[in-house]
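Structure file target_13.cif; described as mmCIF, C-alpha atoms.
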data_entry
loop_
_atom_site.label_atom_id
_atom_site.label_comp_id
_atom_site.auth_asym_id
_atom_site.auth_seq_id
_atom_site.Cartn_x
_atom_site.Cartn_y
_atom_site.Cartn_z
CA MET A 1 -52.47 -51.46 56.47
CA ALA A 2 -52.94 -47.82 57.49
CA ILE A 3 -49.98 -45.79 58.65
CA LYS A 4 -50.95 -43.48 61.46
CA GLY A 5 -49.37 -41.31 64.10
CA HIS A 6 -48.99 -37.78 65.39
CA LEU A 7 -47.67 -34.81 63.43
CA ARG A 8 -45.45 -33.90 66.38
CA ASP A 9 -43.48 -37.05 65.67
CA PHE A 10 -43.70 -37.13 61.90
CA SER A 11 -44.06 -33.89 59.95
CA VAL A 12 -46.08 -33.36 56.77
CA ALA A 13 -42.82 -33.00 54.81
CA GLN A 14 -41.60 -36.33 56.18
CA LEU A 15 -44.90 -37.99 55.30
CA PHE A 16 -44.76 -36.63 51.74
CA ASN A 17 -41.20 -37.84 51.47
CA LEU A 18 -42.23 -41.30 52.61
CA ILE A 19 -45.10 -41.36 50.10
CA ASN A 20 -42.78 -40.15 47.35
CA LEU A 21 -39.98 -42.62 48.02
CA ALA A 22 -42.31 -45.58 48.54
CA GLN A 23 -44.39 -44.56 45.47
CA LYS A 24 -47.54 -44.97 47.50
CA SER A 25 -51.14 -44.68 46.34
CA GLY A 26 -53.83 -43.71 48.79
CA THR A 27 -55.21 -40.87 50.87
CA LEU A 28 -53.54 -39.05 53.73
CA THR A 29 -55.95 -37.70 56.32
CA LEU A 30 -54.70 -34.95 58.60
CA ASP A 31 -56.80 -34.21 61.63
CA ALA A 32 -55.83 -31.10 63.58
CA ALA A 33 -57.76 -29.70 66.52
CA ASP A 34 -60.05 -27.44 64.49
CA GLN A 35 -59.87 -28.75 60.95
CA ALA A 36 -59.11 -31.72 58.76
CA ALA A 37 -57.65 -32.25 55.31
CA TRP A 38 -57.43 -35.07 52.79
CA VAL A 39 -54.61 -35.41 50.30
CA SER A 40 -54.56 -38.18 47.72
CA PHE A 41 -51.64 -39.71 45.85
CA ARG A 42 -51.18 -42.12 42.98
CA ALA A 43 -47.84 -43.92 42.67
CA GLY A 44 -46.15 -41.27 44.78
CA LYS A 45 -47.60 -38.28 42.87
CA LEU A 46 -49.99 -35.73 44.34
CA ILE A 47 -53.36 -35.95 42.62
CA TYR A 48 -55.95 -34.27 44.84
CA ALA A 49 -56.47 -32.33 48.07
CA GLN A 50 -59.44 -31.11 50.01
CA LEU A 51 -59.58 -28.99 53.10
CA GLY A 52 -62.15 -29.58 55.84
CA GLU A 53 -65.77 -28.99 54.97
CA GLU A 54 -64.88 -26.78 52.00
CA ASP A 55 -66.81 -27.43 48.82
CA GLY A 56 -64.25 -29.23 46.68
CA THR A 57 -66.23 -29.28 43.43
CA ILE A 58 -64.66 -27.83 40.31
CA MET A 59 -67.35 -25.12 40.05
CA HIS A 60 -66.61 -23.86 43.54
CA ILE A 61 -62.85 -23.91 42.86
CA LEU A 62 -63.24 -21.97 39.60
CA VAL A 63 -65.46 -19.35 41.24
CA LYS A 64 -63.09 -18.99 44.17
CA ALA A 65 -60.20 -18.46 41.77
CA GLY A 66 -62.15 -15.83 39.82
CA ARG A 67 -62.29 -17.90 36.63
CA LEU A 68 -66.09 -17.86 36.71
CA THR A 69 -68.50 -15.43 38.31
CA ASP A 70 -71.13 -16.57 40.77
CA ARG A 71 -73.76 -15.73 38.20
CA GLN A 72 -72.06 -17.75 35.47
CA ALA A 73 -71.63 -20.69 37.82
CA LYS A 74 -75.27 -20.58 38.83
CA MET A 75 -76.42 -20.39 35.23
CA ILE A 76 -74.15 -23.21 34.09
CA THR A 77 -75.23 -25.43 36.97
CA THR A 78 -78.88 -24.76 36.17
CA HIS A 79 -78.51 -25.49 32.46
CA SER A 80 -76.16 -28.42 32.72
CA SER A 81 -77.45 -31.86 33.46
CA SER A 82 -73.93 -32.88 34.47
CA LYS A 83 -73.36 -33.81 38.04
CA GLY A 84 -69.73 -34.85 38.33
CA ASP A 85 -66.65 -32.64 37.98
CA LYS A 86 -65.36 -34.43 34.90
CA GLU A 87 -68.62 -33.96 33.01
CA MET A 88 -68.81 -30.36 34.19
CA GLY A 89 -65.25 -29.75 32.97
CA LEU A 90 -66.13 -31.10 29.54
CA TYR A 91 -69.23 -28.91 29.43
CA LEU A 92 -67.16 -25.80 30.26
CA ILE A 93 -64.66 -26.63 27.52
CA ASN A 94 -67.30 -27.43 24.90
CA ALA A 95 -69.26 -24.30 25.76
CA ASP A 96 -66.09 -22.20 25.38
CA TYR A 97 -66.10 -20.88 28.93
CA LEU A 98 -62.59 -22.17 29.67
CA THR A 99 -59.91 -24.31 28.11
CA GLN A 100 -58.73 -27.59 29.54
CA LYS A 101 -55.44 -25.87 30.35
CA ASP A 102 -57.24 -23.16 32.36
CA ILE A 103 -59.19 -25.70 34.37
CA LEU A 104 -56.18 -27.84 35.18
CA ALA A 105 -54.02 -24.83 36.09
CA THR A 106 -56.71 -23.52 38.45
CA LEU A 107 -57.17 -26.91 40.05
CA ARG A 108 -53.42 -27.36 40.43
CA SER A 109 -53.10 -23.97 42.09
CA HIS A 110 -56.03 -24.75 44.43
CA ILE A 111 -54.46 -28.07 45.47
CA LEU A 112 -51.07 -26.46 46.04
CA ASP A 113 -52.62 -23.75 48.24
CA ILE A 114 -54.12 -26.45 50.43
CA VAL A 115 -50.99 -28.55 50.55
CA PHE A 116 -48.71 -25.64 51.44
CA GLN A 117 -51.01 -24.76 54.33
CA LEU A 118 -50.59 -28.31 55.59
CA PHE A 119 -46.83 -27.91 55.89
CA THR A 120 -47.44 -25.52 58.79
CA TRP A 121 -49.55 -28.06 60.69
CA THR A 122 -47.40 -29.37 63.49
CA ASP A 123 -50.05 -30.67 65.86
CA GLY A 124 -52.68 -33.29 65.11
CA PHE A 125 -53.07 -36.83 63.92
CA PHE A 126 -52.35 -38.33 60.53
CA ARG A 127 -53.49 -41.50 58.86
CA PHE A 128 -52.55 -42.85 55.45
CA ASP A 129 -55.04 -45.29 53.92
CA PRO A 130 -53.47 -47.15 51.02
CA ASN A 131 -55.47 -47.39 47.80
CA VAL A 132 -58.23 -45.04 49.00
CA LEU A 133 -58.58 -42.52 46.16
CA PRO A 134 -60.92 -39.58 45.43
CA PRO A 135 -64.35 -40.32 43.92
CA GLU A 136 -64.21 -41.27 40.20
CA ASP A 137 -66.00 -38.13 39.07
CA ARG A 138 -63.36 -35.79 40.50
CA ILE A 139 -60.70 -34.26 38.20
CA THR A 140 -57.27 -35.17 39.44
CA VAL A 141 -53.85 -33.74 38.64
CA HIS A 142 -50.41 -35.30 38.62
CA MET A 143 -47.70 -33.45 40.52
CA ASP A 144 -44.21 -34.53 41.52
CA LEU A 145 -43.68 -34.35 45.23
CA GLU A 146 -40.00 -33.50 45.27
CA ASN A 147 -40.42 -29.88 44.11
CA LEU A 148 -43.48 -29.53 46.26
CA ILE A 149 -41.63 -30.74 49.34
CA ILE A 150 -38.87 -28.24 48.69
CA GLU A 151 -41.36 -25.39 48.30
CA GLY A 152 -43.40 -26.52 51.32
CA SER A 153 -40.29 -26.77 53.40
CA ARG A 154 -39.39 -23.20 52.45
CA ARG A 155 -42.56 -22.18 54.18
CA VAL A 156 -41.62 -23.93 57.36
CA GLN A 157 -40.03 -20.91 58.89
CA GLU A 158 -39.72 -21.85 62.52
CA TRP A 159 -36.18 -21.61 63.58
CA ASP A 160 -36.55 -24.11 66.42
CA HIS A 161 -37.76 -26.80 64.09
CA LEU A 162 -34.90 -26.29 61.66
CA ASP A 163 -32.44 -26.18 64.51
CA ASP A 164 -33.82 -29.47 65.77
CA GLU A 165 -33.50 -31.13 62.37
CA ILE A 166 -29.99 -29.82 61.62
CA PRO A 167 -28.42 -29.17 65.01
CA ASN A 168 -24.80 -29.31 63.93
CA LEU A 169 -23.51 -27.11 61.11
CA GLU A 170 -20.08 -28.73 61.38
CA MET A 171 -21.48 -31.79 59.57
CA ALA A 172 -21.07 -32.22 55.81
CA LEU A 173 -23.46 -33.16 52.98
CA LYS A 174 -23.41 -35.74 50.26
CA PHE A 175 -25.77 -36.70 47.46
CA VAL A 176 -27.84 -39.82 48.16
CA ASP A 177 -27.14 -42.92 46.08
CA ARG A 178 -30.83 -43.74 45.73
CA PRO A 179 -31.77 -44.64 42.13
CA GLY A 180 -34.12 -42.06 40.68
CA ALA A 181 -32.88 -39.22 42.89
CA ASP A 182 -31.81 -36.93 40.10
CA ILE A 183 -30.84 -33.42 41.06
CA GLN A 184 -31.05 -32.39 37.39
CA ASN A 185 -34.83 -32.81 37.40
CA VAL A 186 -35.45 -30.66 40.44
CA LYS A 187 -36.32 -26.99 40.19
CA LEU A 188 -34.02 -25.00 42.43
CA ASN A 189 -33.46 -21.28 42.75
CA PRO A 190 -30.00 -19.80 42.05
CA LYS A 191 -29.06 -19.75 45.76
CA GLU A 192 -30.01 -23.41 46.14
CA TRP A 193 -27.95 -24.29 43.08
CA GLU A 194 -25.02 -22.50 44.66
CA VAL A 195 -25.41 -24.63 47.79
CA VAL A 196 -25.79 -27.79 45.70
CA SER A 197 -22.58 -26.98 43.86
CA TYR A 198 -20.69 -27.18 47.18
CA VAL A 199 -22.24 -30.49 48.35
CA ASP A 200 -19.25 -32.67 49.12
CA PRO A 201 -18.24 -34.69 52.21
CA LYS A 202 -15.18 -32.45 52.42
CA ASN A 203 -17.23 -29.29 53.06
CA SER A 204 -19.03 -28.65 56.33
CA ILE A 205 -22.44 -26.97 56.17
CA LYS A 206 -20.90 -23.97 57.90
CA GLN A 207 -18.22 -23.68 55.21
CA ILE A 208 -20.86 -23.86 52.48
CA ALA A 209 -22.88 -21.14 54.21
CA LYS A 210 -19.80 -18.91 54.33
CA ALA A 211 -18.99 -19.56 50.68
CA VAL A 212 -22.47 -18.67 49.44
CA LYS A 213 -22.98 -15.86 51.98
CA LEU A 214 -25.93 -17.32 53.87
CA ASN A 215 -26.65 -17.01 57.56
CA ASP A 216 -27.30 -20.06 59.76
CA LEU A 217 -31.06 -19.89 59.31
CA GLU A 218 -30.89 -19.50 55.53
CA ILE A 219 -28.50 -22.40 55.05
CA ARG A 220 -30.60 -24.57 57.35
CA ARG A 221 -33.71 -23.78 55.27
CA ILE A 222 -32.02 -24.84 52.04
CA VAL A 223 -30.40 -27.95 53.50
CA TYR A 224 -33.69 -28.95 55.14
CA GLY A 225 -35.53 -28.73 51.81
CA LEU A 226 -32.94 -30.83 50.01
CA LEU A 227 -32.92 -33.38 52.85
CA GLN A 228 -36.70 -33.70 52.89
CA ALA A 229 -36.73 -34.19 49.14
CA GLY A 230 -34.37 -37.11 49.69
CA LEU A 231 -31.65 -35.62 47.48
CA ILE A 232 -28.86 -35.26 50.04
CA GLU A 233 -27.88 -36.69 53.39
CA ILE A 234 -25.83 -35.44 56.33
CA VAL A 235 -22.49 -37.14 56.87
CA ARG A 236 -19.51 -36.69 59.13
CA PRO A 237 -16.98 -34.46 57.31
CA GLU A 238 -13.87 -36.31 56.17
CA SER A 239 -11.69 -33.98 58.20
CA MET A 240 -13.65 -34.39 61.45
CA PRO A 241 -11.91 -36.65 63.99
CA GLN A 242 -13.80 -39.45 65.76
CA PRO A 243 -15.32 -38.28 69.06
CA ALA A 244 -12.67 -38.20 71.77
CA HIS A 245 -14.83 -40.23 74.15
CA ALA A 246 -15.23 -43.15 71.74
CA PRO A 247 -13.43 -46.06 73.35
CA ARG A 248 -10.81 -47.76 71.25
CA ILE A 249 -11.90 -51.36 71.05
CA ARG A 250 -9.04 -53.74 70.57
CA PRO A 251 -10.20 -56.15 67.87
CA LEU A 252 -9.73 -59.87 68.29
CA ASP A 253 -7.35 -61.57 65.93
CA GLU A 254 -9.42 -61.90 62.75
CA ARG A 255 -8.85 -65.60 62.20
CA VAL A 256 -9.83 -66.31 65.80
CA GLN A 257 -12.86 -64.09 65.49
CA ALA A 258 -14.04 -65.74 62.25
CA THR A 259 -13.97 -69.20 63.85
CA LEU A 260 -15.70 -67.85 66.89
CA ILE A 261 -18.49 -66.28 64.82
CA ASP A 262 -18.97 -69.55 62.90
CA ARG A 263 -19.38 -71.37 66.21
CA ILE A 264 -21.95 -68.88 67.45
CA ILE A 265 -23.87 -69.15 64.16
CA ASP A 266 -24.03 -72.94 64.48
CA ARG A 267 -25.21 -72.65 68.06
CA ILE A 268 -27.94 -70.11 67.33
CA ARG A 269 -29.21 -72.16 64.39
CA SER A 270 -29.56 -75.12 66.74
CA LEU A 271 -31.54 -73.24 69.39
CA MET B 1 -13.79 -69.91 79.01
CA GLN B 2 -14.08 -67.11 76.48
CA THR B 3 -17.01 -64.73 76.62
CA VAL B 4 -18.27 -62.43 73.89
CA LYS B 5 -21.18 -60.03 73.90
CA MET B 6 -23.75 -58.43 71.68
CA VAL B 7 -25.79 -55.41 72.69
CA ILE B 8 -29.53 -55.13 72.19
CA THR B 9 -30.59 -51.51 72.20
CA GLY B 10 -33.56 -49.35 71.25
CA PRO B 11 -36.05 -46.88 72.70
CA PHE B 12 -38.15 -47.40 75.80
CA ASN B 13 -40.66 -50.27 75.44
CA ALA B 14 -39.29 -51.34 72.05
CA GLY B 15 -39.05 -54.98 73.19
CA LYS B 16 -35.40 -55.44 74.18
CA THR B 17 -36.07 -57.53 77.27
CA SER B 18 -38.53 -59.79 75.41
CA PHE B 19 -35.98 -60.20 72.61
CA ILE B 20 -33.29 -61.45 74.98
CA ARG B 21 -35.76 -63.56 76.94
CA SER B 22 -36.74 -65.45 73.74
CA VAL B 23 -33.30 -66.97 73.20
CA SER B 24 -31.56 -66.86 76.55
CA GLU B 25 -30.90 -70.21 78.20
CA ILE B 26 -31.06 -68.61 81.63
CA ASP B 27 -33.83 -66.52 83.08
CA VAL B 28 -32.93 -63.05 81.94
CA VAL B 29 -31.18 -61.24 84.73
CA SER B 30 -33.19 -58.10 84.70
CA THR B 31 -32.89 -54.89 86.65
CA GLU B 32 -36.44 -53.76 86.19
CA ARG B 33 -38.08 -51.17 88.40
CA LYS B 34 -41.58 -49.81 88.66
CA ILE B 35 -41.94 -46.80 86.37
CA SER B 36 -42.45 -43.55 88.21
CA SER B 37 -42.90 -41.12 85.30
CA LYS B 38 -46.49 -40.76 84.17
CA ALA B 39 -45.36 -39.89 80.66
CA GLU B 40 -43.58 -43.19 80.24
CA ARG B 41 -46.21 -45.34 81.88
CA VAL B 42 -46.76 -47.47 78.78
CA LYS B 43 -45.77 -50.51 80.80
CA GLU B 44 -45.45 -51.23 84.47
CA THR B 45 -41.71 -51.82 84.79
CA THR B 46 -38.60 -50.92 82.82
CA THR B 47 -34.94 -51.86 82.66
CA VAL B 48 -32.85 -49.36 84.62
CA ALA B 49 -29.31 -50.75 84.36
CA MET B 50 -29.20 -53.65 81.95
CA ASP B 51 -30.66 -57.02 81.13
CA PHE B 52 -28.50 -59.88 80.29
CA GLY B 53 -29.12 -63.26 78.79
CA ARG B 54 -26.70 -66.06 78.05
CA ILE B 55 -26.20 -68.57 75.25
CA THR B 56 -23.54 -71.21 75.89
CA VAL B 57 -21.95 -71.89 72.52
CA ASP B 58 -19.67 -74.76 73.61
CA ASP B 59 -17.36 -75.69 76.45
CA ALA B 60 -15.05 -72.82 75.68
CA LEU B 61 -17.32 -70.03 74.53
CA VAL B 62 -20.29 -68.13 75.96
CA LEU B 63 -22.28 -65.39 74.25
CA TYR B 64 -23.90 -62.75 76.44
CA LEU B 65 -26.72 -60.58 75.21
CA PHE B 66 -26.85 -57.24 76.97
CA GLY B 67 -29.99 -55.15 76.84
CA THR B 68 -29.58 -51.43 77.37
CA PRO B 69 -31.91 -49.40 79.56
CA GLY B 70 -34.53 -47.74 77.40
CA GLN B 71 -35.26 -44.62 79.38
CA LYS B 72 -33.13 -41.62 78.49
CA ARG B 73 -32.03 -40.86 82.01
CA PHE B 74 -30.12 -44.13 82.14
CA ASP B 75 -28.18 -43.58 78.94
CA PHE B 76 -24.92 -43.17 80.86
CA MET B 77 -24.90 -46.99 80.82
CA TRP B 78 -24.74 -47.21 77.03
CA GLU B 79 -21.07 -46.44 76.60
CA ILE B 80 -20.10 -48.96 79.28
CA LEU B 81 -22.26 -51.65 77.69
CA SER B 82 -20.98 -51.02 74.18
CA GLU B 83 -17.34 -51.59 75.06
CA GLY B 84 -15.97 -54.72 73.41
CA MET B 85 -19.24 -55.77 71.73
CA LEU B 86 -19.17 -57.89 68.57
CA GLY B 87 -22.09 -55.98 67.17
CA PHE B 88 -25.47 -54.58 68.15
CA VAL B 89 -29.15 -54.83 67.34
CA VAL B 90 -31.34 -51.72 67.35
CA ILE B 91 -34.92 -52.68 68.14
CA VAL B 92 -37.64 -50.35 66.92
CA ASP B 93 -41.29 -50.56 67.92
CA SER B 94 -42.88 -50.56 64.44
CA ALA B 95 -46.24 -49.48 65.83
CA ARG B 96 -45.04 -46.34 67.67
CA PRO B 97 -43.84 -43.70 65.20
CA GLU B 98 -43.27 -41.30 68.08
CA THR B 99 -40.21 -43.40 69.00
CA PHE B 100 -38.60 -43.46 65.52
CA ARG B 101 -36.61 -40.27 66.02
CA GLU B 102 -35.24 -41.58 69.32
CA ALA B 103 -34.32 -44.88 67.67
CA MET B 104 -32.27 -42.98 65.08
CA GLY B 105 -30.53 -41.06 67.85
CA ILE B 106 -29.66 -44.27 69.71
CA LEU B 107 -28.35 -45.85 66.52
CA HIS B 108 -26.06 -42.88 65.82
CA THR B 109 -24.86 -42.83 69.42
CA PHE B 110 -23.87 -46.49 69.33
CA ARG B 111 -22.18 -46.04 65.97
CA ALA B 112 -20.09 -43.32 67.57
CA TYR B 113 -19.18 -45.54 70.55
CA ALA B 114 -17.94 -48.39 68.39
CA PRO B 115 -17.97 -48.84 64.61
CA THR B 116 -19.12 -52.45 64.84
CA PRO B 117 -21.69 -54.09 62.56
CA TYR B 118 -25.34 -53.74 63.46
CA VAL B 119 -28.81 -54.62 62.24
CA VAL B 120 -32.17 -52.98 62.85
CA ALA B 121 -35.09 -55.14 64.01
CA ALA B 122 -38.54 -53.83 63.16
CA ASN B 123 -40.31 -55.28 66.17
CA LYS B 124 -44.03 -55.85 66.83
CA GLN B 125 -44.71 -56.69 63.17
CA ASP B 126 -47.64 -58.78 64.43
CA MET B 127 -49.49 -55.66 65.60
CA LYS B 128 -52.26 -54.12 63.56
CA ASP B 129 -50.75 -50.62 63.43
CA SER B 130 -47.19 -51.64 62.71
CA TRP B 131 -45.35 -49.86 59.89
CA SER B 132 -43.93 -52.08 57.17
CA VAL B 133 -40.18 -52.63 57.01
CA ASP B 134 -39.96 -50.60 53.78
CA ASP B 135 -41.80 -47.64 55.29
CA LEU B 136 -39.72 -47.83 58.45
CA ARG B 137 -36.52 -47.78 56.43
CA ILE B 138 -37.59 -44.49 54.87
CA ALA B 139 -38.78 -43.06 58.19
CA LEU B 140 -35.50 -43.93 59.87
CA LYS B 141 -33.52 -42.67 56.85
CA LEU B 142 -31.59 -45.94 56.59
CA SER B 143 -29.78 -46.70 53.37
CA ASP B 144 -30.39 -49.99 51.56
CA ASP B 145 -27.10 -51.50 52.70
CA ILE B 146 -28.21 -51.52 56.35
CA LYS B 147 -30.01 -54.72 57.23
CA MET B 148 -33.50 -54.15 58.55
CA LEU B 149 -35.48 -57.22 59.56
CA PRO B 150 -39.09 -57.81 60.48
CA CYS B 151 -39.29 -59.14 64.01
CA VAL B 152 -41.59 -60.31 66.77
CA ALA B 153 -39.42 -60.25 69.89
CA SER B 154 -41.48 -62.83 71.74
CA ASP B 155 -40.98 -65.35 68.91
CA LYS B 156 -37.78 -67.37 69.22
CA GLU B 157 -37.42 -68.09 65.48
CA SER B 158 -37.83 -64.44 64.64
CA VAL B 159 -35.16 -63.45 67.17
CA LYS B 160 -32.81 -66.16 65.88
CA LYS B 161 -33.11 -64.73 62.36
CA VAL B 162 -32.13 -61.27 63.57
CA LEU B 163 -29.12 -62.55 65.52
CA LEU B 164 -27.99 -64.69 62.59
CA GLU B 165 -28.18 -61.72 60.22
CA LEU B 166 -26.03 -59.71 62.61
CA LEU B 167 -23.49 -62.53 62.72
CA TYR B 168 -23.48 -62.76 58.91
CA SER B 169 -22.85 -58.99 58.81
CA ILE B 170 -19.90 -59.41 61.14
CA LEU B 171 -18.45 -62.11 58.87
CA GLU B 172 -19.09 -59.99 55.77
CA GLU B 173 -17.28 -57.05 57.32
CA MET B 174 -14.34 -59.25 58.24
CA ASP B 175 -14.19 -60.60 54.69
CA ALA B 176 -14.34 -57.08 53.30
CA LYS B 177 -11.47 -55.97 55.55
CA GLN B 178 -9.39 -58.94 54.48
CA GLY B 179 -10.12 -58.24 50.82
CA ALA B 180 -9.11 -54.58 51.16
#
As a first step, turn the structure in this file into structure tokens.
Amino acid sequence: MAIKGHLRDFSVAQLFNLINLAQKSGTLTLDAADQAAWVSFRAGKLIYAQLGEEDGTIMHILVKAGRLTDRQAKMITTHSSSKGDKEMGLYLINADYLTQKDILATLRSHILDIVFQLFTWTDGFFRFDPNVLPPEDRITVHMDLENLIIEGSRRVQEWDHLDDEIPNLEMALKFVDRPGADIQNVKLNPKEWEVVSYVDPKNSIKQIAKAVKLNDLEIRRIVYGLLQAGLIEIVRPESMPQPAHAPRIRPLDERVQATLIDRIIDRIRSL
Amino acid sequence: MQTVKMVITGPFNAGKTSFIRSVSEIDVVSTERKISSKAERVKETTTVAMDFGRITVDDALVLYLFGTPGQKRFDFMWEILSEGMLGFVVIVDSARPETFREAMGILHTFRAYAPTPYVVAANKQDMKDSWSVDDLRIALKLSDDIKMLPCVASDKESVKKVLLELLYSILEEMDAKQGA
């Protein structure tokens, strides 16, 4: 079943987070007003991306990255009987033009460039088709989404968006209990590590910002990245009192309530 | 005669009225009005104050199901409705991701009004574009300990399952408190 919606309601970072956490395989199509993009995943890892009508073949990518000249590319294409990217990659390696490492690094960089552009798309439709993968002949990579989400989120600079996501800096942070969410495996810069070291339900976000000398925007950026990567969550600080307007509900006597609930259960079962 | 209540909440057009209608023994007392806003004209009428349905448990006990108004401008009713509730159900339209953020906001608001047990019903699971329960859980940022149930609000059995899970949660919480 395809997941679809509008990027106004569900950002690219949120979609990547969903794909990562649910370990999904398939292709995400993003359709903005003037261009489209396709990003493919296998078991929650990024494997491929293509932007609009751009030529996504390995030869084009290598020329664009300056790893081959136009002339070399033309000559290789003329002399090679290979059609698909995988065969072409093998030809390049065997003919000593490039190493496997060079090809994969260039492809990885090309895919990341596309994906980071997508983080800035805030208007348009998305659709995720499970189990739809790139053509067999394409070379795919294997990239963890958590680091990528953090980096992509860094590029989401708009203050309004961050303010909308984290409106209250008086709230605190805690690490999520989700199995597999391991902060040790995530690449963070020194400032982010400083923030992480203060993550505790006792500390408000504002207090953390003060401790690590970050302004409101900078702390929001870091917290947003960690949230989108599913590593932390926002919680009410332990010291914060309940809202004054919350009515105090007088509980029923617990024995009475238990019997009452049992009676309601019996009645609903019999409906 | 003792009366108790549960609150059925969720965004506009999530299926709250249908949910109550499926199990209520009386015609749901509804305060629906024609919708004036073009932006919210997904359906012809909406609940402006509250819906309520009734289930007579026995001679001495009646359960009322209160549905909250879905449109934001009527949210002043929420606090009044939440007072004294046994628990609440948050209904989410699984096929309209544009309402997920609002559903989260409603959930947090009700949690602030009263720390009672609750469950989340992923409604409209029979629709082609509906998100799966697992995907919805991630989208709504709900931890695994919060019960999230697939639901079709017009189906009585499906609604019964949701209400029963809420009641089991209430019992579990009472047991946990006693054990503490």
Worksheet entry | Option closest in space to B:Asp145, from A:Ala229, A:Ala95, A:Trp38, A:Asp177 [counting all atoms listed in the file] |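 Looking at the shortest contact to B:Asp145, the residue is A:Asp177.
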Mind listing as a compact mmCIF listing (two decimals) with C-alpha atoms, in the frame of the given file which residues of chain A are within 7 Å of chain B, counting all atoms listed in the file?
# COMPACT_ATOMS: atom_id res chain seq x y z
CA ALA A 2 -52.94 -47.82 57.49
CA ILE A 3 -49.98 -45.79 58.65
CA GLY A 5 -49.37 -41.31 64.10
CA ASP A 9 -43.48 -37.05 65.67
CA LEU A 18 -42.23 -41.30 52.61
CA ALA A 246 -15.23 -43.15 71.74
CA PRO A 247 -13.43 -46.06 73.35
CA ILE A 249 -11.90 -51.36 71.05
CA ALA A 258 -14.04 -65.74 62.25
CA ILE A 261 -18.49 -66.28 64.82
CA ARG A 263 -19.38 -71.37 66.21
CA ILE A 264 -21.95 -68.88 67.45
CA ILE A 265 -23.87 -69.15 64.16
CA ARG A 267 -25.21 -72.65 68.06
CA ILE A 268 -27.94 -70.11 67.33
Discussion item. Can you spell out as a VMD selection string the set of residues that the PyMOL selection byres ((chain A and resi 62) around 12) selects in the structure I just provided?
Written reply: chain A and resid 55 to 61 63 to 70 72 to 73 85 88 to 89 92 97 to 98 102 to 110
Fill in: Selection result for the PyMOL selection byres ((chain A and resi 154) around 9) on this file, as a VMD selection string
chain A and resid 149 to 153 155 to 157 221 to 222 224 to 225
Worksheet entry | Contacts of B:Pro11 at 9 Å (all atoms listed in the file; same-chain gap of 3+ positions) as a list in words | Ala14, Gly15, Lys16, Pro69, Gly70, Gln71, Lys72, Val90, Ile91, Val92, Asp93, Thr99, Phe100, Glu102, Ala103 and Ile106 of chain B
Fill in: Shell of 10 Å around stretch 193-210 of chain A, all atoms listed in the file, local chain residues under 5 positions omitted, as an MDAnalysis selection string
chainID A and resid 166 168:175 183 187:188 215:220 222:223 226 231:240
Worksheet item: By how many Å are atom CA of B:Phe52 and atom CA of B:Phe12 apart?
Response: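 Separating atom CA of B:Phe52 from atom CA of B:Phe12 is a distance of 16.4 Å.
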Worksheet item: Separation of atom CA of A:Tyr48 and atom CA of A:Val132, in Å?
Response: 11.8 Å
Practice prompt. Dump as a ChimeraX atom specification all residues having an atom at most 12 Å from (-49.2, -59.1, 63.7), computed in the file's coordinates with all atoms listed in the file.
Written response: /A:1 /B:94-95,122-132,150-155
Worksheet item: Which residue gives the smallest distance to A:Phe41 among A:Leu162, A:Met143, A:Met75, A:Ile93, with all atoms listed in the file counted?
Response: A:Met143
Discussion item. Can you measure atom CA of A:Pro130 to atom CA of A:Asp113 for me? One decimal in Å is fine.
Written reply: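 Taking atom CA of A:Pro130 as the start and atom CA of A:Asp113 as the end point, the length is 23.6 Å.
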Worksheet item: If you count all atoms listed in the file, which residues fall within 8 Å of A:Lys4, apart from same-chain ones fewer than 5 positions away, as a PyMOL selection string?
Response: (chain A and resi 125-128) or (chain B and resi 129)
Worksheet item: Counting all atoms listed in the file, which of B:Ile8, B:Ala60, B:Leu65, B:Ile20 gets nearest to B:Phe88?
Response: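 Closest to B:Phe88, using all atoms listed in the file: B:Ile8.
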Discussion item. Take the PyMOL selection byres ((chain A and resi 133) around 12), run it mentally on this structure, and tell me the resulting residues as a count of residues only.
Written reply: 28
Please, what is the axis-aligned box for every listed atom of stretch 96-111 of chain A with 4 Å on each side, as centre and edge lengths in Å to one decimal, as AutoDock Vina command-line options?
--center_x -59.6 --center_y -24.5 --center_z 35.4 --size_x 21.0 --size_y 15.2 --size_z 28.1
